[in-house]
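As structure tokens, the structure follows; a few thoughts come after it.
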Amino acid sequence: MKIPSLRTQIIALALVFLVSSVLFFRFFFLESFINYQHTLNNEKTKQEMASLYQKFETKLTAVDSKQFKNSVEKMISDEKQQEIAGKMFQQEIALYSIFVFLFIFLFGAIFVAFSLYLITRPLQRLELATKMLSLGNLDVDVEENGLSPINPLIVSFNKMTAELRENREKLLEAEKEIIWRETAKATAHEIKNPLTPIRLSLERMQNKFGSDNFQMVFQDSISVISDEIENLRKLATEFSEFARFPQAKMDEFDLNCLISELIAPYREENEISVELADNLPKLHGDAMQIKQALTNLIQNSIQAESSKIGISAIFDNGVFYIQISDDGKGIAEEDLPKLFEPYFSKRKKGTGLGLAIVKRIIENHGGKIFVESEIGKSAKFKIEI
Amino acid sequence: MEGGIFTELARTITGSIIAIGSMFFSYINGVEPYFESPSFSVEHNQMLVSVNLQNWFTDELDDIFSSGKPIRMHFTANIIEQNSGKTIQSTDFFHTVKYHILDDYFEVSRSEIGEKTQIHTIQEMHRIMSKIERAPIFDDDLAKTDVLYQLKMSVQLPKIKIGGREKQFDLMPFWKNKKPYFFSQQFDNLVFVQ
């Protein structure tokens, strides 16, 4: 059965309440009073008087005076009793109507409270579920209640979360496939790059074998092959680290201390200015991962041939704002959207994983990272966490 | 509309509300009557009691008495055996008052003495109606040796039909719905010897 809309239900409830209140009075007090009034106005007294008059008019002298007296007395007595009863009836109505009004009021209040309970409690559940959903928890379902007028909303919400879960699974599958393809492509590319100089060095050695300068060529080629093998090793290590990205170990830590510690070794060879707000609250997160993210950004600035690097941290309205800026060669506008994608790099020997790791860490902490840059002048990374 | 389910439901619910409400509130300002000065005597192998009911009438009750409607006060005297708590003799007495409008007098009949009295003032009616005189309450042949007894006497007002209303009107709210009563001191069968 289709449940009417909330508005219709509230209107219906108000009408039922109003009609039942009126009918209570209509059927009980009013009807009783009308019946009583009818009894009073039935002209019984008049008829009896007329009857008495007709009966004794002509024979008043012979009449049984006692009977006459009893009849008249009864009439007067009835009149008096009706007067008393009417007075009492009025008093009864005055008092009992209060009982009935109180009952209707209480009944109505309970009814409304129960109705509101059927609305507000599911709404609270829905609110909580929405909050959880906004935090990324899609495994949330709100308890359904067939009596609640907002049940259709809950059913829709549950349907929506179910669809979101299904879509997430599909998306994950698709992402996985894309990542595997990209990884395979990037891995092949990165492996191919060192292989070419290795192959060329070997060919050169082969060509120069037995010649006078073979010794020199040999030394050069060995050096190239050795360097390229080292590059391959580093590449393998970085891929391995990215693949084994660990689960964050959340704890509270002092961000200022962490920044001070991590920049210390870089300060020997770079000019780094630091601007950290006093009394920053403890940051809830994985200190090691945050350190890795900030380190990657500093290294990124250094690799951009910056002469000056600036780091600042402030806390405002429950949010940490961390900024790392440099005066390096900047990032081209067309590269900005791809900057945090894995394997995107403009450097010859870059893996393109550094900034991808940064983004992943910040997002794992529920934060966001933005970049602003002016090509040839500066770059600015802003983190909100 | 008569006999409709809703009408019956409304009547039942409203009746219940009123019944419950009446337990706590009343539109009648009642009084709390009490028995005063009980005295006992023995005559013809019967124990007799005389007692007065005090603080028992109100203006509204007087209006009802003066309407000509006969009103009967129902007295009950129970002799209770102390050991068992059983009532071994129960006697009912009735004081009835009827106002004769045309002749302007109250006729009070008291069943314990089998007497009808004509009274011309309401004050006197109050006095006579409240007076139990030498009412036989205990026969000596029911009294056992070495057993203690006690008299419990109570009185109540009737429900009457008044003014053509269908519903019976209970007069007890004029006494705050409490039956006045009293317990005598304990006595044994020796009262009949004395």
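By order in the structure tokens, chains are A, B, ...; within a chain, residues start at 1; ligands start at 1, following the order shown.
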
Self-check item: Exercise: Asp63 (chain B) partners within 12 Å, only C-alpha atoms, chain neighbours under 2 positions left out, as a PyMOL selection string
Solution: (chain A and resi 77+80-85+87-88) or (chain B and resi 57-61+65-69+71+98-99+122)

Each chain B residue no farther than 12 Å from chain A, nearest pair in Å, only C-alpha atoms, as a tab-separated table:
```
residue	atom	partner	partner_atom	distance
B:Met1	CA	A:Phe27	CA	8.8
B:Glu2	CA	A:Phe27	CA	9.2
B:Gly3	CA	A:Phe27	CA	10.9
B:Gly4	CA	A:Phe27	CA	10.2
B:Ile5	CA	A:Phe27	CA	11.3
B:Phe6	CA	A:Phe27	CA	8.6
B:Thr7	CA	A:Phe27	CA	6.0
B:Glu8	CA	A:Phe27	CA	9.0
B:Leu9	CA	A:Phe24	CA	9.4
B:Ala10	CA	A:Phe24	CA	5.8
B:Arg11	CA	A:Phe28	CA	6.1
B:Thr12	CA	A:Phe28	CA	9.7
B:Ile13	CA	A:Phe24	CA	9.1
B:Thr14	CA	A:Val100	CA	6.8
B:Gly15	CA	A:Phe28	CA	9.0
B:Ser16	CA	A:Val100	CA	10.0
B:Ile17	CA	A:Phe99	CA	6.7
B:Ile18	CA	A:Tyr96	CA	6.0
B:Ala19	CA	A:Tyr96	CA	9.5
B:Ile20	CA	A:Phe99	CA	9.0
B:Gly21	CA	A:Phe99	CA	6.2
B:Ser22	CA	A:Tyr96	CA	8.3
B:Met23	CA	A:Phe99	CA	11.5
B:Phe24	CA	A:Phe99	CA	10.6
B:Phe25	CA	A:Leu95	CA	8.3
B:Ser26	CA	A:Leu95	CA	7.4
B:Tyr27	CA	A:Gln91	CA	6.2
B:Ile28	CA	A:Gln91	CA	8.4
B:Asn29	CA	A:Gln91	CA	11.5
B:Asp59	CA	A:Ile84	CA	11.7
B:Glu60	CA	A:Ile84	CA	8.5
B:Leu61	CA	A:Ile84	CA	10.1
B:Asp62	CA	A:Ile84	CA	10.9
B:Asp63	CA	A:Ile84	CA	7.4
B:Ile64	CA	A:Ile84	CA	7.1
B:Phe65	CA	A:Gln81	CA	9.8
B:Ser66	CA	A:Lys80	CA	8.4
B:Ser67	CA	A:Ser77	CA	5.2
B:Gly68	CA	A:Ser77	CA	5.1
B:Lys69	CA	A:Ser77	CA	6.9
B:Pro70	CA	A:Ser77	CA	10.3
B:Lys98	CA	A:Ser77	CA	10.7
B:Tyr99	CA	A:Ser77	CA	9.1
B:His100	CA	A:Glu73	CA	7.4
B:Ile101	CA	A:Glu73	CA	6.2
B:Leu102	CA	A:Glu73	CA	6.4
B:Asp103	CA	A:Glu73	CA	9.4
B:Asp104	CA	A:Glu73	CA	10.7
B:Ile160	CA	A:Gln81	CA	10.8
B:Lys161	CA	A:Gln81	CA	9.3
B:Ile162	CA	A:Gln81	CA	5.7
B:Gly163	CA	A:Gln82	CA	3.7
B:Gly164	CA	A:Thr39	CA	6.8
B:Arg165	CA	A:Tyr36	CA	6.6
B:Glu166	CA	A:Tyr36	CA	8.7
B:Lys167	CA	A:Ser32	CA	10.3
B:Gln168	CA	A:Ala85	CA	10.7
B:Phe169	CA	A:Ala85	CA	8.9
B:Asp170	CA	A:Met88	CA	11.4
B:Leu171	CA	A:Met88	CA	11.4
```

Self-check item: Members of region 13-193 of chain B assigned strand (DSSP E or B) by DSSP, as an MDAnalysis selection string
Solution: chainID B and resid 34:43 46:54 71:81 87:100 105:110 115:119 131:139 149:156 159:160 169:170 181:183 187

Quiz item: Excluding same-chain residues fewer than 5 positions from Tyr266 (chain A), what lies within 9 Å of it counting only C-alpha atoms, as a ChimeraX atom specification?
Solution: /A:271-272,298-299

Cut-off 12 Å: closest region 76-113 of chain B/region 32-56 of chain B atom pairs per residue, using only C-alpha atoms, as a Markdown table:
```
| residue | atom | partner | partner_atom | distance |
| --- | --- | --- | --- | --- |
| B:Thr76 | CA | B:Val49 | CA | 11.9 |
| B:Ala77 | CA | B:Val49 | CA | 9.3 |
| B:Asn78 | CA | B:Val49 | CA | 11.7 |
| B:Ile79 | CA | B:Met47 | CA | 10.5 |
| B:Gln89 | CA | B:Met47 | CA | 11.6 |
| B:Thr91 | CA | B:Leu48 | CA | 11.3 |
| B:Phe93 | CA | B:Val49 | CA | 11.7 |
| B:His95 | CA | B:Leu53 | CA | 11.7 |
| B:Glu112 | CA | B:Leu48 | CA | 9.9 |
| B:Ile113 | CA | B:Leu48 | CA | 11.0 |
```

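Taking CA of Ile362 (chain A) and CA of Gly285 (chain A) as the two end points, the separation is 9.7 Å.
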
Quiz item: At what distance in Å, to one decimal, does CA of Gln185 (chain B) lie from CA of Gly85 (chain B)?
Solution: 14.7 Å

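Here CA of Tyr105 (chain B) stands at a distance of 10.6 Å from CA of Glu124 (chain B).
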
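On the backbone of this structure, DSSP gives alpha helix (DSSP H) within region 18-126 of chain B to Ile18, Ala19, Ile20, Gly21, Ser22, Met23, Phe24, Asp59, Glu60, Leu61, Asp62, Asp63, Ile64, Phe65, Ile122, Gln123, Glu124, Met125 and His126 of chain B.
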
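Remark: for Ile322 (chain A), the closest of the candidate residues A:Val142, A:Leu336, A:Val371, A:Ile302 is A:Val371 (distances computed over only C-alpha atoms).
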
Quiz prompt | Long-range neighbours of Glu107 (chain B) as JSON, numbers by chain, 6 Å cut-off, only C-alpha atoms, 2 positions minimum in chain | solution = {"B": [97, 98, 117, 118]}

Quiz prompt | Distance query Gly367 (chain A) at most 7 Å, only C-alpha atoms, self and fewer than 3 positions along chain excluded, as an MDAnalysis selection string | solution = chainID A and resid 362:363 384:385
